[in-house]
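Below is one structure, written out as structure tokens, with a few remarks after it.
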Amino acid sequence: MRALVVDHGEAGPVRFADVDEPVPSSDEALVEIRHIGLNFGELNYVRQWPAGAVHGHDAAGVVVRAASDGSGPPEGARVAVGMAPHAWAERVAVSPASLGTVPEGVDLADAAALGVAGVTALRVLRKRSLLARNVLVTGASGGVGHFAVQLAALAGARVTALVGSPDRAAGLRELGADEVLTDLAETEDRFDLVLDTVGGPLVGQAWSSLAEGGTIHLVGYSSGQETTFPSGALFGFGEPRSIATYGDMTPSSGELTDLLGLMAAGRLSAPVGLRGDWQDVDDAVRALFARKVHGKVVLAVA
């Protein structure tokens with residue numbers, strides 16, 4: 001079968017290859033993949049995975065063979081694959097712990113956009129009550145950012161979305177942002193929670209805007225820049241502030257189920273900024289790296 005595998009050469013980060021058919025264990029379902037969802041991180045930092053390995057974590061498709069131990073969705077079920085390894089292939093063996101059943105009315109392509117981005121946003125925002133809290137989402141035009149803006153607004157937060165340029169602000173107010181900024185200096189607000197996908201100098205700026213008892217959750221570093229703090233910036237009185245890292249790759253079935261339920265109810269939309277065919281993956285990767293995509297890239301598996 002065909003799959004997208006890790007390529008460490010200049011033509012990378014992924015290439016097509018013929019690979020062996022997956023052989024599911026007793027507690028794995030065999031899923032025929034219909035759509036894959038691309039994430040900036042897994043493509044930009046591809047050297048963290050071995051060359052030649054089937055790449056990708058997010059996809060959606062149909063169960064063609066249920067797990068033989070009786071666990072998980074039945075044959076014929078439409079499913080979203082989230083945070084599962086080796087997902088960018090025509091067929092994948094997946095633990096039910098990484099599957100969410102896609103409800104009627106939810107498009108499989110939209111379900112493929114959930115995975116890493118949607119689950120990350122949901123897990124971070126569940127760290128504390130957000131009702132009537134001030135929440136800042138940086139890199140709000142990206143996949144995680146789009147989901148975070150919507151989910152924070154649904155939880156009753158006052159949401160500020162920070163983007164890199166005015167052209168990346170489109171649609172964020174409609175998703176629930178109360179304010180959209182291109183520079184944190186434009187506001188004097190203090191934030192109870194910051195979900196940061198950018199890293200670099202912006203983390204220092206966000207720290208200066210953090211309320212007492214607030215937390216910055218670092219979920220990405222798309223800027224590729226270092227973070228430095230002025231002397232004395234990390235000293236302060238009052239309720240302690242904190243910076244938390246994020247790297248939760250535990251099974252995502254529960255969160256996928258919750259997100260898919262919100263989508264089915266019309267309360268959450270998939271931030272798909274580019275749709276296409278996986279044959280055109282090279283063009284899609286270039287567009288993602290050039291910051292030309294607002295949200296996620298979802299490609300149909302022909």
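Residue numbering restarts at 1 in every chain; chains get A, B, ... in the order shown in the structure tokens, and ligands count up from 1 in that same order.
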
- Neighbours of Val124 of chain A within 9 Å (only C-alpha atoms; same-chain residues fewer than 4 positions away dropped), as an MDAnalysis selection string? chainID A and resid 119:120 128 148 195 217 219 246

Please, could you write that set of residues out with all heavy atoms as a PDB file, in the first residue's frame?
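Listed below is the output, again18.pdb:
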```pdb
ATOM      1  N   VAL A 119      -7.403  18.342  20.254  1.00  0.00           N
ATOM      2  CA  VAL A 119      -7.193  17.723  21.562  1.00  0.00           C
ATOM      3  C   VAL A 119      -6.259  18.572  22.424  1.00  0.00           C
ATOM      4  O   VAL A 119      -6.484  18.739  23.633  1.00  0.00           O
ATOM      5  CB  VAL A 119      -6.646  16.288  21.399  1.00  0.00           C
ATOM      6  CG1 VAL A 119      -6.224  15.706  22.742  1.00  0.00           C
ATOM      7  CG2 VAL A 119      -7.700  15.391  20.748  1.00  0.00           C
ATOM      8  N   THR A 120      -5.207  19.135  21.821  1.00  0.00           N
ATOM      9  CA  THR A 120      -4.304  20.007  22.566  1.00  0.00           C
ATOM     10  C   THR A 120      -5.052  21.201  23.149  1.00  0.00           C
ATOM     11  O   THR A 120      -4.920  21.522  24.334  1.00  0.00           O
ATOM     12  CB  THR A 120      -3.165  20.499  21.663  1.00  0.00           C
ATOM     13  OG1 THR A 120      -2.363  19.386  21.267  1.00  0.00           O
ATOM     14  CG2 THR A 120      -2.288  21.507  22.385  1.00  0.00           C
ATOM     15  N   ARG A 128      -8.352  24.752  34.010  1.00  0.00           N
ATOM     16  CA  ARG A 128      -8.976  25.597  35.030  1.00  0.00           C
ATOM     17  C   ARG A 128     -10.330  26.076  34.534  1.00  0.00           C
ATOM     18  O   ARG A 128     -10.634  26.002  33.337  1.00  0.00           O
ATOM     19  CB  ARG A 128      -8.092  26.805  35.355  1.00  0.00           C
ATOM     20  CG  ARG A 128      -7.941  27.800  34.213  1.00  0.00           C
ATOM     21  CD  ARG A 128      -7.122  29.010  34.632  1.00  0.00           C
ATOM     22  NE  ARG A 128      -7.733  29.678  35.769  1.00  0.00           N
ATOM     23  CZ  ARG A 128      -7.141  30.663  36.463  1.00  0.00           C
ATOM     24  NH1 ARG A 128      -5.927  31.061  36.137  1.00  0.00           N
ATOM     25  NH2 ARG A 128      -7.743  31.247  37.475  1.00  0.00           N
ATOM     26  N   ALA A 148      -8.839  26.695  19.957  1.00  0.00           N
ATOM     27  CA  ALA A 148      -8.773  27.289  21.286  1.00  0.00           C
ATOM     28  C   ALA A 148      -9.697  28.492  21.420  1.00  0.00           C
ATOM     29  O   ALA A 148     -10.355  28.675  22.456  1.00  0.00           O
ATOM     30  CB  ALA A 148      -7.338  27.685  21.611  1.00  0.00           C
ATOM     31  N   LEU A 195      -2.668  30.569  26.165  1.00  0.00           N
ATOM     32  CA  LEU A 195      -2.321  29.389  25.380  1.00  0.00           C
ATOM     33  C   LEU A 195      -1.420  29.874  24.254  1.00  0.00           C
ATOM     34  O   LEU A 195      -1.872  30.566  23.349  1.00  0.00           O
ATOM     35  CB  LEU A 195      -3.576  28.708  24.836  1.00  0.00           C
ATOM     36  CG  LEU A 195      -3.382  27.352  24.163  1.00  0.00           C
ATOM     37  CD1 LEU A 195      -4.658  26.510  24.248  1.00  0.00           C
ATOM     38  CD2 LEU A 195      -2.977  27.498  22.696  1.00  0.00           C
ATOM     39  N   HIS A 217       0.539  28.456  29.151  1.00  0.00           N
ATOM     40  CA  HIS A 217       0.730  27.075  28.688  1.00  0.00           C
ATOM     41  C   HIS A 217       1.438  27.112  27.334  1.00  0.00           C
ATOM     42  O   HIS A 217       0.912  27.650  26.359  1.00  0.00           O
ATOM     43  CB  HIS A 217      -0.608  26.347  28.561  1.00  0.00           C
ATOM     44  CG  HIS A 217      -1.208  25.980  29.887  1.00  0.00           C
ATOM     45  ND1 HIS A 217      -0.908  24.812  30.544  1.00  0.00           N
ATOM     46  CD2 HIS A 217      -2.080  26.646  30.679  1.00  0.00           C
ATOM     47  CE1 HIS A 217      -1.567  24.766  31.689  1.00  0.00           C
ATOM     48  NE2 HIS A 217      -2.296  25.866  31.789  1.00  0.00           N
ATOM     49  N   VAL A 219       2.466  25.439  24.118  1.00  0.00           N
ATOM     50  CA  VAL A 219       2.081  24.278  23.317  1.00  0.00           C
ATOM     51  C   VAL A 219       2.778  24.253  21.959  1.00  0.00           C
ATOM     52  O   VAL A 219       2.533  23.343  21.161  1.00  0.00           O
ATOM     53  CB  VAL A 219       0.550  24.199  23.130  1.00  0.00           C
ATOM     54  CG1 VAL A 219      -0.163  24.190  24.468  1.00  0.00           C
ATOM     55  CG2 VAL A 219       0.039  25.348  22.270  1.00  0.00           C
ATOM     56  N   TYR A 246       3.829  21.619  27.687  1.00  0.00           N
ATOM     57  CA  TYR A 246       2.776  20.691  27.252  1.00  0.00           C
ATOM     58  C   TYR A 246       3.377  19.673  26.302  1.00  0.00           C
ATOM     59  O   TYR A 246       4.120  20.016  25.395  1.00  0.00           O
ATOM     60  CB  TYR A 246       1.644  21.442  26.534  1.00  0.00           C
ATOM     61  CG  TYR A 246       0.557  20.519  26.024  1.00  0.00           C
ATOM     62  CD1 TYR A 246      -0.494  20.143  26.845  1.00  0.00           C
ATOM     63  CD2 TYR A 246       0.615  19.993  24.736  1.00  0.00           C
ATOM     64  CE1 TYR A 246      -1.481  19.285  26.405  1.00  0.00           C
ATOM     65  CE2 TYR A 246      -0.373  19.133  24.285  1.00  0.00           C
ATOM     66  CZ  TYR A 246      -1.411  18.776  25.118  1.00  0.00           C
ATOM     67  OH  TYR A 246      -2.377  17.919  24.673  1.00  0.00           O
TER      68      TYR A 246
END
```

Using 6 Å as the limit and counting only C-alpha atoms, can you tabulate each residue of segment 109-161 of chain A that touches segment 67-82 of chain A, with its shortest atom-to-atom distance in Å and the two atoms involved, as a Markdown table?
```
| residue | atom | partner | partner_atom | distance |
| --- | --- | --- | --- | --- |
| A:Ala111 | CA | A:Ala80 | CA | 5.6 |
| A:Ala112 | CA | A:Ala80 | CA | 5.9 |
| A:Gly115 | CA | A:Gly82 | CA | 3.9 |
```

- strand (DSSP E) positions in segment 43-157 of chain A, given as an MDAnalysis selection string: chainID A and resid 58:65 78:81 91:94 99:101 134:138

Go ahead and write the residues just picked, C-alpha atoms, as an mmCIF file, in the first residue's frame.
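Dumped to selection24.cif:
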```cif
data_model
loop_
_atom_site.group_PDB
_atom_site.id
_atom_site.type_symbol
_atom_site.label_atom_id
_atom_site.label_comp_id
_atom_site.auth_asym_id
_atom_site.auth_seq_id
_atom_site.Cartn_x
_atom_site.Cartn_y
_atom_site.Cartn_z
ATOM 1 C CA ASP A 58 -4.264 12.746 12.406
ATOM 2 C CA ALA A 59 -6.673 11.189 9.929
ATOM 3 C CA ALA A 60 -10.232 9.986 9.405
ATOM 4 C CA GLY A 61 -11.685 6.967 7.670
ATOM 5 C CA VAL A 62 -13.791 3.833 7.978
ATOM 6 C CA VAL A 63 -13.216 0.721 10.077
ATOM 7 C CA VAL A 64 -12.773 -2.206 7.688
ATOM 8 C CA ARG A 65 -11.947 -4.741 10.429
ATOM 9 C CA ARG A 78 -16.689 6.230 10.496
ATOM 10 C CA VAL A 79 -13.863 7.267 12.791
ATOM 11 C CA ALA A 80 -11.438 10.077 13.518
ATOM 12 C CA VAL A 81 -7.848 9.088 14.266
ATOM 13 C CA ARG A 91 -4.743 1.640 5.864
ATOM 14 C CA VAL A 92 -3.762 1.912 9.520
ATOM 15 C CA ALA A 93 -3.908 -0.397 12.535
ATOM 16 C CA VAL A 94 -5.137 1.750 15.428
ATOM 17 C CA LEU A 99 -10.312 6.657 17.816
ATOM 18 C CA GLY A 100 -13.472 8.728 18.001
ATOM 19 C CA THR A 101 -16.669 7.666 16.243
ATOM 20 C CA ASN A 134 -9.526 36.549 30.406
ATOM 21 C CA VAL A 135 -7.865 34.125 27.987
ATOM 22 C CA LEU A 136 -5.167 34.975 25.436
ATOM 23 C CA VAL A 137 -4.593 32.697 22.447
ATOM 24 C CA THR A 138 -1.406 33.413 20.493
#
```

- Message: I need the alpha helix (DSSP H) residues of segment 75-166 of chain A per DSSP on the backbone, written as a PyMOL selection string.
- Response: chain A and resi 108-111+115-125+143-154

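Counting from atom CA of Gly52 of chain A, the distance to atom CA of Asp282 of chain A is 16.6 Å.
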